[in-house]
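K.L.:
Dropping in work.tsv, with TSV, C-alpha atoms.
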```tsv
chain	number	residue	atom	x	y	z
D	871	MET	CA	8.63	-27.25	52.29
D	872	ASN	CA	8.73	-28.12	55.99
D	873	GLU	CA	10.75	-26.46	58.73
D	874	LEU	CA	11.88	-28.30	61.86
D	875	SER	CA	12.35	-26.73	65.27
D	876	ARG	CA	16.06	-27.34	64.91
D	877	ALA	CA	17.85	-28.02	61.64
D	878	ARG	CA	20.00	-31.13	61.32
D	879	THR	CA	22.89	-31.21	58.89
D	880	LEU	CA	22.43	-34.15	56.52
D	881	ALA	CA	25.21	-33.36	54.04
D	882	ALA	CA	28.13	-35.76	54.02
D	883	GLY	CA	31.22	-34.42	55.69
D	884	VAL	CA	34.02	-35.28	58.01
D	885	MET	CA	32.52	-36.22	61.38
D	886	ALA	CA	34.32	-37.23	64.54
D	887	ALA	CA	33.84	-40.94	65.18
D	888	LEU	CA	32.64	-42.16	68.55
D	889	LEU	CA	33.37	-45.53	70.07
D	890	VAL	CA	29.90	-47.00	70.42
D	891	GLY	CA	29.25	-50.65	71.16
D	892	ALA	CA	26.31	-52.71	69.98
D	893	PRO	CA	23.24	-52.43	72.21
D	894	VAL	CA	23.02	-54.92	75.05
D	895	GLY	CA	20.14	-57.39	74.75
D	896	ALA	CA	17.06	-56.34	76.69
D	897	GLN	CA	15.33	-59.67	76.21
D	898	ASP	CA	16.85	-63.15	76.33
D	899	ALA	CA	17.48	-64.73	72.92
D	900	THR	CA	16.32	-61.71	70.92
D	901	VAL	CA	18.25	-58.99	69.14
D	902	ASP	CA	18.04	-55.65	70.97
D	903	LEU	CA	17.41	-52.71	68.65
D	904	THR	CA	16.40	-50.27	71.38
D	905	GLY	CA	17.80	-46.77	71.22
D	906	ILE	CA	17.83	-43.67	69.04
D	907	TRP	CA	19.31	-43.95	65.56
D	908	TRP	CA	20.29	-41.42	62.88
D	909	GLN	CA	22.28	-41.90	59.70
D	910	GLY	CA	23.93	-38.50	60.22
D	911	ALA	CA	25.52	-39.58	63.53
D	912	PRO	CA	29.19	-40.71	63.61
D	913	VAL	CA	29.94	-44.22	62.37
D	914	PRO	CA	30.94	-46.45	65.34
D	915	LEU	CA	34.53	-47.66	65.47
D	916	LEU	CA	35.67	-51.24	65.72
D	917	PRO	CA	38.41	-52.15	68.23
D	918	GLY	CA	41.78	-51.02	66.91
D	919	GLU	CA	40.35	-48.45	64.48
D	920	SER	CA	41.30	-44.80	64.77
D	921	GLU	CA	38.75	-43.68	62.19
D	922	PRO	CA	35.84	-45.35	60.40
D	923	PRO	CA	36.19	-46.56	56.81
D	924	ALA	CA	34.87	-44.41	54.01
D	925	MET	CA	31.27	-45.37	53.35
D	926	GLY	CA	29.39	-44.33	50.24
D	927	MET	CA	26.17	-42.43	50.59
D	928	GLY	CA	24.28	-44.86	48.37
D	929	GLY	CA	22.23	-44.14	45.29
D	930	MET	CA	19.47	-42.14	46.98
D	931	GLY	CA	21.09	-40.12	49.70
D	932	MET	CA	22.88	-40.64	52.98
D	933	GLY	CA	22.33	-44.08	54.44
D	934	ILE	CA	20.09	-45.42	51.64
D	935	MET	CA	21.24	-47.86	48.97
D	936	GLY	CA	19.23	-49.36	46.14
D	937	SER	CA	17.83	-48.83	42.67
D	938	PRO	CA	14.97	-46.53	41.67
D	939	PRO	CA	11.48	-48.08	41.74
D	940	ALA	CA	10.40	-49.92	38.59
D	941	LEU	CA	7.20	-48.01	37.79
D	942	ASN	CA	4.78	-49.83	35.49
D	943	ASP	CA	3.05	-48.16	32.53
D	944	HIS	CA	0.08	-47.08	34.66
D	945	ALA	CA	2.35	-45.44	37.24
D	946	GLN	CA	4.48	-43.69	34.62
D	947	THR	CA	1.37	-42.23	32.99
D	948	LEU	CA	-0.04	-41.15	36.36
D	949	MET	CA	3.17	-39.49	37.52
D	950	ALA	CA	3.97	-37.81	34.20
D	951	ASN	CA	1.56	-35.01	35.07
D	952	PHE	CA	2.26	-34.89	38.79
D	953	ASP	CA	2.65	-31.42	40.29
D	954	PRO	CA	4.97	-31.34	43.36
D	955	ALA	CA	2.63	-28.73	44.82
D	956	ASP	CA	0.18	-31.63	45.29
D	957	ASP	CA	2.55	-33.28	47.77
D	958	PRO	CA	0.54	-33.83	51.00
D	959	ALA	CA	3.55	-32.58	52.99
D	960	VAL	CA	3.01	-29.13	51.46
D	961	ARG	CA	-0.34	-29.10	53.29
D	962	CYS	CA	1.32	-30.36	56.49
D	963	GLU	CA	-0.20	-33.82	56.02
D	964	GLN	CA	1.89	-36.88	56.84
D	965	PRO	CA	2.66	-38.37	53.39
D	966	GLY	CA	2.39	-42.08	54.19
D	967	LEU	CA	4.17	-45.21	55.43
D	968	VAL	CA	7.01	-45.75	52.95
D	969	ARG	CA	8.19	-42.15	52.97
D	970	GLN	CA	8.02	-42.16	56.77
D	971	VAL	CA	10.17	-45.29	56.99
D	972	LEU	CA	12.79	-43.67	54.72
D	973	SER	CA	12.79	-40.34	56.57
D	974	PRO	CA	16.28	-38.79	56.89
D	975	TYR	CA	15.62	-37.78	60.50
D	976	PRO	CA	16.22	-39.79	63.71
D	977	VAL	CA	14.13	-42.73	64.83
D	978	GLU	CA	13.68	-44.32	68.27
D	979	ILE	CA	12.96	-48.02	68.89
D	980	GLU	CA	11.60	-49.34	72.19
D	981	TYR	CA	10.41	-52.81	73.27
D	982	ARG	CA	7.15	-52.96	75.23
D	983	GLY	CA	6.38	-56.59	75.95
D	984	ASP	CA	4.56	-57.97	72.91
D	985	THR	CA	4.84	-54.64	71.05
D	986	VAL	CA	7.73	-52.77	69.45
D	987	SER	CA	7.37	-48.99	69.34
D	988	ILE	CA	9.05	-47.12	66.47
D	989	ARG	CA	8.96	-43.34	66.88
D	990	TYR	CA	9.94	-41.04	64.03
D	991	GLU	CA	11.15	-37.50	64.66
D	992	GLU	CA	9.69	-36.28	61.37
D	993	TRP	CA	5.92	-35.78	61.74
D	994	GLU	CA	6.18	-37.05	65.37
D	995	VAL	CA	4.66	-40.39	64.36
D	996	GLU	CA	4.68	-43.44	66.63
D	997	ARG	CA	4.27	-46.82	64.98
D	998	LEU	CA	3.30	-49.90	67.01
D	999	VAL	CA	4.44	-53.29	65.73
D	1000	GLN	CA	2.46	-56.21	67.18
D	1001	LEU	CA	4.68	-59.24	67.79
D	1002	ASP	CA	3.42	-62.69	66.76
D	1003	THR	CA	-0.13	-61.37	66.34
D	1004	PRO	CA	-2.18	-61.81	63.13
D	1005	PRO	CA	-3.88	-58.72	61.67
D	1006	PRO	CA	-7.49	-58.18	62.72
D	1007	ASP	CA	-10.13	-59.22	60.22
D	1008	GLY	CA	-11.42	-56.39	58.07
D	1009	HIS	CA	-9.20	-53.71	59.61
D	1010	GLU	CA	-9.55	-50.30	57.98
D	1011	THR	CA	-6.73	-48.72	56.03
D	1012	SER	CA	-4.69	-45.93	57.61
D	1013	PRO	CA	-1.60	-43.90	56.64
D	1014	MET	CA	0.73	-46.25	58.60
D	1015	GLY	CA	-1.27	-49.47	58.13
D	1016	HIS	CA	-1.17	-52.51	60.43
D	1017	SER	CA	2.31	-53.83	61.29
D	1018	MET	CA	3.01	-57.38	62.50
D	1019	GLY	CA	6.44	-58.38	63.77
D	1020	GLU	CA	8.60	-61.42	64.44
D	1021	LEU	CA	11.62	-61.08	66.72
D	1022	ASP	CA	14.50	-63.54	67.04
D	1023	GLN	CA	18.20	-63.60	67.94
D	1024	GLU	CA	19.35	-61.78	64.82
D	1025	LYS	CA	16.54	-59.66	63.40
D	1026	LEU	CA	13.17	-57.98	63.67
D	1027	LEU	CA	10.90	-58.80	60.74
D	1028	VAL	CA	7.99	-56.38	60.16
D	1029	ARG	CA	5.17	-56.99	57.67
D	1030	THR	CA	2.75	-54.12	57.06
D	1031	THR	CA	-0.52	-54.19	55.14
D	1032	GLY	CA	-3.61	-52.02	55.09
D	1033	PHE	CA	-1.82	-48.71	54.57
D	1034	SER	CA	-3.58	-46.09	52.50
D	1035	PRO	CA	-2.00	-44.66	49.33
D	1036	GLY	CA	0.86	-42.32	50.17
D	1037	LEU	CA	3.32	-40.21	48.20
D	1038	ASN	CA	6.85	-41.60	48.13
D	1039	MET	CA	9.87	-39.51	47.23
D	1040	SER	CA	13.08	-41.19	46.11
D	1041	GLN	CA	14.67	-40.05	42.85
D	1042	GLY	CA	11.24	-38.70	41.94
D	1043	PHE	CA	7.73	-38.89	43.33
D	1044	PHE	CA	5.37	-41.84	43.03
D	1045	TRP	CA	2.17	-42.85	44.78
D	1046	THR	CA	1.68	-46.12	46.64
D	1047	GLY	CA	-1.29	-48.02	45.20
D	1048	GLU	CA	-4.17	-49.83	46.87
D	1049	GLY	CA	-3.25	-53.25	48.24
D	1050	ALA	CA	0.48	-52.59	48.58
D	1051	SER	CA	2.48	-54.38	51.29
D	1052	LEU	CA	5.80	-53.59	52.96
D	1053	LEU	CA	8.38	-55.99	54.39
D	1054	GLU	CA	11.16	-54.61	56.61
D	1055	THR	CA	14.00	-56.64	58.14
D	1056	TYR	CA	15.98	-54.90	60.90
D	1057	SER	CA	19.35	-56.17	62.17
D	1058	LEU	CA	22.65	-54.93	63.62
D	1059	THR	CA	26.09	-54.79	62.02
D	1060	GLU	CA	29.26	-55.74	63.88
D	1061	ARG	CA	29.77	-51.99	64.37
D	1062	GLY	CA	26.45	-51.67	66.17
D	1063	GLN	CA	24.69	-49.93	63.27
D	1064	LEU	CA	21.00	-50.47	62.60
D	1065	VAL	CA	20.27	-51.91	59.14
D	1066	MET	CA	16.88	-52.13	57.44
D	1067	ASP	CA	16.31	-54.18	54.29
D	1068	MET	CA	13.02	-53.02	52.76
D	1069	GLU	CA	10.82	-54.59	50.10
D	1070	LEU	CA	7.72	-52.80	48.79
D	1071	THR	CA	5.28	-54.90	46.75
D	1072	ASP	CA	2.73	-52.83	44.85
D	1073	PRO	CA	0.91	-54.53	41.94
D	1074	VAL	CA	-0.88	-51.29	41.04
D	1075	MET	CA	2.22	-49.10	40.61
D	1076	LEU	CA	5.31	-51.32	40.36
D	1077	SER	CA	6.33	-53.91	37.78
D	1078	GLU	CA	8.50	-55.64	40.41
D	1079	PRO	CA	9.12	-55.26	44.17
D	1080	TRP	CA	11.18	-52.23	45.16
D	1081	ARG	CA	14.13	-53.17	47.39
D	1082	LEU	CA	16.29	-50.79	49.40
D	1083	GLN	CA	18.71	-50.91	52.31
D	1084	LYS	CA	18.98	-48.13	54.89
D	1085	ILE	CA	21.61	-47.78	57.63
D	1086	TRP	CA	21.46	-45.72	60.83
D	1087	ASN	CA	24.18	-45.05	63.42
D	1088	PRO	CA	23.66	-44.88	67.21
D	1089	PHE	CA	22.68	-41.35	68.24
D	1090	ASP	CA	23.14	-40.01	71.76
D	1091	GLN	CA	20.55	-37.22	71.63
D	1092	GLU	CA	16.79	-37.07	72.05
D	1093	LEU	CA	14.17	-36.75	69.33
D	1094	LEU	CA	13.14	-33.17	68.64
D	1095	THR	CA	9.67	-31.76	68.22
D	1096	PHE	CA	8.41	-31.39	64.67
D	1097	ASP	CA	6.88	-28.13	63.48
D	1098	CYS	CA	5.33	-27.92	60.02
D	1099	ILE	CA	4.65	-24.50	58.53
D	1100	LEU	CA	1.65	-24.46	56.24
D	1101	ARG	CA	2.40	-22.51	53.08
D	1102	GLU	CA	-0.03	-21.08	50.59
D	1103	ARG	CA	0.00	-22.72	47.19
D	1104	LEU	CA	1.22	-20.32	44.51
```
Can the structure in the file be given as structure tokens, please?
P.N.:
Amino acid sequence: MNELSRARTLAAGVMAALLVGAPVGAQDATVDLTGIWWQGAPVPLLPGESEPPAMGMGGMGMGIMGSPPALNDHAQTLMANFDPADDPAVRCEQPGLVRQVLSPYPVEIEYRGDTVSIRYEEWEVERLVQLDTPPPDGHETSPMGHSMGELDQEKLLVRTTGFSPGLNMSQGFFWTGEGASLLETYSLTERGQLVMDMELTDPVMLSEPWRLQKIWNPFDQELLTFDCILRERL
């Protein structure tokens, strides 16, 4: 288990709603997703609303909606004997791209010319998305892979390849196989919420692509430092 420098309450509850508008475009003719986002922050109000509508927490926890991954026979056999003590996070090792993207902690997005920076509070990871740039030939695999982006008036499209196998955790553990790819589409709702539609394609572990949607609300605080406490395996 990991401990953060300051705990955040993720349980659903009654939270005071703040009037927060959609971000103002930082670049002409492109959607502006800059800012800090967290699904535990208050849901923005629309004009004329005194409180936000009730929103379900989704099938996998606050802010995430979708079905469990369709593990193929190979994956089911592999995970049948999985010991949670073998989770890389237990050893204070960042567990991989997909689990990072679905982290329940805040995320910060910043535009830097032809690059989009995505910083995650959990594990203090910064991810650089190269806009309109093809992946380099023969690039080596890494925990976060190589991300290429396309930005237009309505969305940011991110395609990631070359990420090394990682341990995902959503209604059960499963490993990402070699040669997997991830497609993320980011957009804004009329409330000014950040939405990500995710599709993981993994021919080694999945019988069909795994699709999820995750929603964050605008958050008016800074990212915190992340402290992992290494624990001895029992």
K.L.:
Atom CA of Tyr981 of chain D and atom CA of Leu1026 of chain D are how many Å apart?
P.N.:
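For atom CA of Tyr981 of chain D relative to atom CA of Leu1026 of chain D, the distance reads 11.2 Å.
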K.L.:
Which one of D:Ser1012, D:Ser1077, D:Thr904, D:Gln970 sits closest to Met1039 of chain D if you count only C-alpha atoms?
P.N.:
D:Gln970
K.L.:
Compare D:Pro917, D:Pro1035, D:Gly1019, D:Pro1079 by their minimum atom-to-atom distance to Glu1054 of chain D, counting all atoms listed in the file, and give me the closest one.
P.N.:
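Between D:Pro917, D:Pro1035, D:Gly1019, D:Pro1079, the residue approaching Glu1054 of chain D most closely is D:Gly1019.
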K.L.:
What residues have an atom no more than 10 Å from (15.4, -63.2, 67.8) in the file's own frame, counting all atoms listed in the file, and can you write them as a list in words?
P.N.:
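Result, sorted by chain then residue number: Gln897, Asp898, Ala899, Thr900, Val901, Asp902, Glu1020, Leu1021, Asp1022, Gln1023, Glu1024, Lys1025, Leu1026, Leu1027 and Ser1057 of chain D.
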K.L.:
Between atom CA of Asp1072 of chain D and atom CA of Leu903 of chain D, what distance in Å does the model show, to one decimal?
P.N.:
28.0 Å
K.L.:
Using only C-alpha atoms, pick whichever of D:Val913, D:Ile934, D:Leu941, D:Trp907 has the shortest atom-to-atom distance to Asp1067 of chain D.
P.N.:
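The answer is D:Ile934, which sits nearest to Asp1067 of chain D.
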K.L.:
Counting all atoms listed in the file, which residue out of D:Thr1095, D:Pro1005, D:Val968, D:Phe952 sits closest to Glu1069 of chain D?
P.N.:
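Selected residue with least distance to Glu1069 of chain D: D:Val968.
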K.L.:
Hey, which of D:Pro958, D:Gly918, D:Pro939, D:Gly1015 ends up closest to Arg997 of chain D? Count all atoms listed in the file.
P.N.:
D:Gly1015
K.L.:
With distances taken over all atoms listed in the file, which residue among D:Phe1033, D:Phe1096, D:Trp1045, D:Trp1086 lies nearest Glu991 of chain D?
P.N.:
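Comparing D:Phe1033, D:Phe1096, D:Trp1045, D:Trp1086 against Glu991 of chain D, the winner is D:Phe1096.
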K.L.:
Find the spatial neighbours of Leu1076 of chain D, counting only C-alpha atoms, within a cut-off of 9 Å - ignore same-chain residues fewer than 4 positions away - and output them as a PyMOL selection string.
P.N.:
chain D and resi 939-945+1046-1047+1070-1072+1080
K.L.:
So the first atom is atom CA of Ser1017 of chain D and the second is atom CA of Leu1093 of chain D; what is the distance between them in Å, to one decimal place?
P.N.:
22.3 Å
K.L.:
Would you kindly return, as an mmCIF file with C-alpha atoms, in the frame of the given file, each protein, DNA or RNA residue with an atom no farther than 7 Å from any atom of segment 975-977 of chain D, considering only C-alpha atoms and excluding same-chain residues fewer than 2 positions away?
P.N.:
```cif
data_model
loop_
_atom_site.group_PDB
_atom_site.id
_atom_site.type_symbol
_atom_site.label_atom_id
_atom_site.label_comp_id
_atom_site.auth_asym_id
_atom_site.auth_seq_id
_atom_site.Cartn_x
_atom_site.Cartn_y
_atom_site.Cartn_z
ATOM 1 C CA ILE D 906 17.830 -43.670 69.040
ATOM 2 C CA TRP D 907 19.310 -43.950 65.560
ATOM 3 C CA TRP D 908 20.290 -41.420 62.880
ATOM 4 C CA SER D 973 12.790 -40.340 56.570
ATOM 5 C CA ILE D 979 12.960 -48.020 68.890
ATOM 6 C CA ILE D 988 9.050 -47.120 66.470
ATOM 7 C CA ARG D 989 8.960 -43.340 66.880
ATOM 8 C CA TYR D 990 9.940 -41.040 64.030
ATOM 9 C CA GLU D 991 11.150 -37.500 64.660
ATOM 10 C CA GLU D 992 9.690 -36.280 61.370
ATOM 11 C CA LEU D 1093 14.170 -36.750 69.330
#
```
K.L.:
Edge lengths and centre, in Å to one decimal, as JSON: that's what I need for the box along x, y and z that holds all listed atoms of segment 1026-1034 of chain D plus 6 Å on each side.
P.N.:
```
{"center_x": 4.8, "center_y": -52.4, "center_z": 58.1, "size_x": 28.8, "size_y": 24.7, "size_z": 23.2}
```
K.L.:
Where atoms are missing, can you supply N, CA, C and O atoms for segment 937-954 of chain D and output the lot as a CSV table (one decimal), keeping the file's coordinate frame?
P.N.:
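Now in part.csv:
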```
chain,number,residue,atom,x,y,z
D,937,SER,N,18.2,-49.3,44.0
D,937,SER,CA,17.8,-48.8,42.7
D,937,SER,C,16.5,-48.1,42.7
D,937,SER,O,15.7,-48.3,43.6
D,938,PRO,N,16.3,-47.2,41.7
D,938,PRO,CA,15.0,-46.5,41.7
D,938,PRO,C,13.8,-47.5,41.5
D,938,PRO,O,14.0,-48.6,41.0
D,939,PRO,N,12.6,-47.2,41.9
D,939,PRO,CA,11.5,-48.1,41.7
D,939,PRO,C,11.2,-48.3,40.3
D,939,PRO,O,11.3,-47.4,39.4
D,940,ALA,N,10.8,-49.6,40.0
D,940,ALA,CA,10.4,-49.9,38.6
D,940,ALA,C,8.9,-49.6,38.4
D,940,ALA,O,8.1,-50.5,38.6
D,941,LEU,N,8.6,-48.4,38.0
D,941,LEU,CA,7.2,-48.0,37.8
D,941,LEU,C,6.6,-48.7,36.5
D,941,LEU,O,7.3,-48.8,35.5
D,942,ASN,N,5.4,-49.2,36.7
D,942,ASN,CA,4.8,-49.8,35.5
D,942,ASN,C,4.2,-48.7,34.6
D,942,ASN,O,4.3,-47.5,34.9
D,943,ASP,N,3.6,-49.1,33.5
D,943,ASP,CA,3.0,-48.2,32.5
D,943,ASP,C,2.0,-47.3,33.2
D,943,ASP,O,1.9,-46.0,32.9
D,944,HIS,N,1.1,-47.9,34.0
D,944,HIS,CA,0.1,-47.1,34.7
D,944,HIS,C,0.7,-46.0,35.5
D,944,HIS,O,0.3,-44.8,35.5
D,945,ALA,N,1.7,-46.4,36.3
D,945,ALA,CA,2.4,-45.4,37.2
D,945,ALA,C,3.1,-44.3,36.5
D,945,ALA,O,3.0,-43.2,36.9
D,946,GLN,N,3.8,-44.7,35.4
D,946,GLN,CA,4.5,-43.7,34.6
D,946,GLN,C,3.5,-42.7,34.0
D,946,GLN,O,3.8,-41.5,34.0
D,947,THR,N,2.4,-43.1,33.5
D,947,THR,CA,1.4,-42.2,33.0
D,947,THR,C,0.8,-41.3,34.1
D,947,THR,O,0.6,-40.1,33.9
D,948,LEU,N,0.5,-41.9,35.2
D,948,LEU,CA,0.0,-41.2,36.4
D,948,LEU,C,0.9,-40.1,36.8
D,948,LEU,O,0.5,-38.9,37.1
D,949,MET,N,2.2,-40.4,36.9
D,949,MET,CA,3.2,-39.5,37.5
D,949,MET,C,3.7,-38.5,36.5
D,949,MET,O,4.4,-37.5,36.9
D,950,ALA,N,3.5,-38.7,35.2
D,950,ALA,CA,4.0,-37.8,34.2
D,950,ALA,C,3.4,-36.4,34.4
D,950,ALA,O,4.1,-35.4,34.0
D,951,ASN,N,2.2,-36.3,34.9
D,951,ASN,CA,1.6,-35.0,35.1
D,951,ASN,C,1.5,-34.6,36.5
D,951,ASN,O,0.7,-33.7,36.9
D,952,PHE,N,2.3,-35.2,37.4
D,952,PHE,CA,2.3,-34.9,38.8
D,952,PHE,C,2.9,-33.5,39.1
D,952,PHE,O,3.9,-33.2,38.6
D,953,ASP,N,2.2,-32.7,39.9
D,953,ASP,CA,2.6,-31.4,40.3
D,953,ASP,C,3.2,-31.5,41.7
D,953,ASP,O,2.4,-31.9,42.6
D,954,PRO,N,4.4,-31.2,42.0
D,954,PRO,CA,5.0,-31.3,43.4
D,954,PRO,C,4.2,-30.5,44.4
D,954,PRO,O,4.2,-30.8,45.6
```
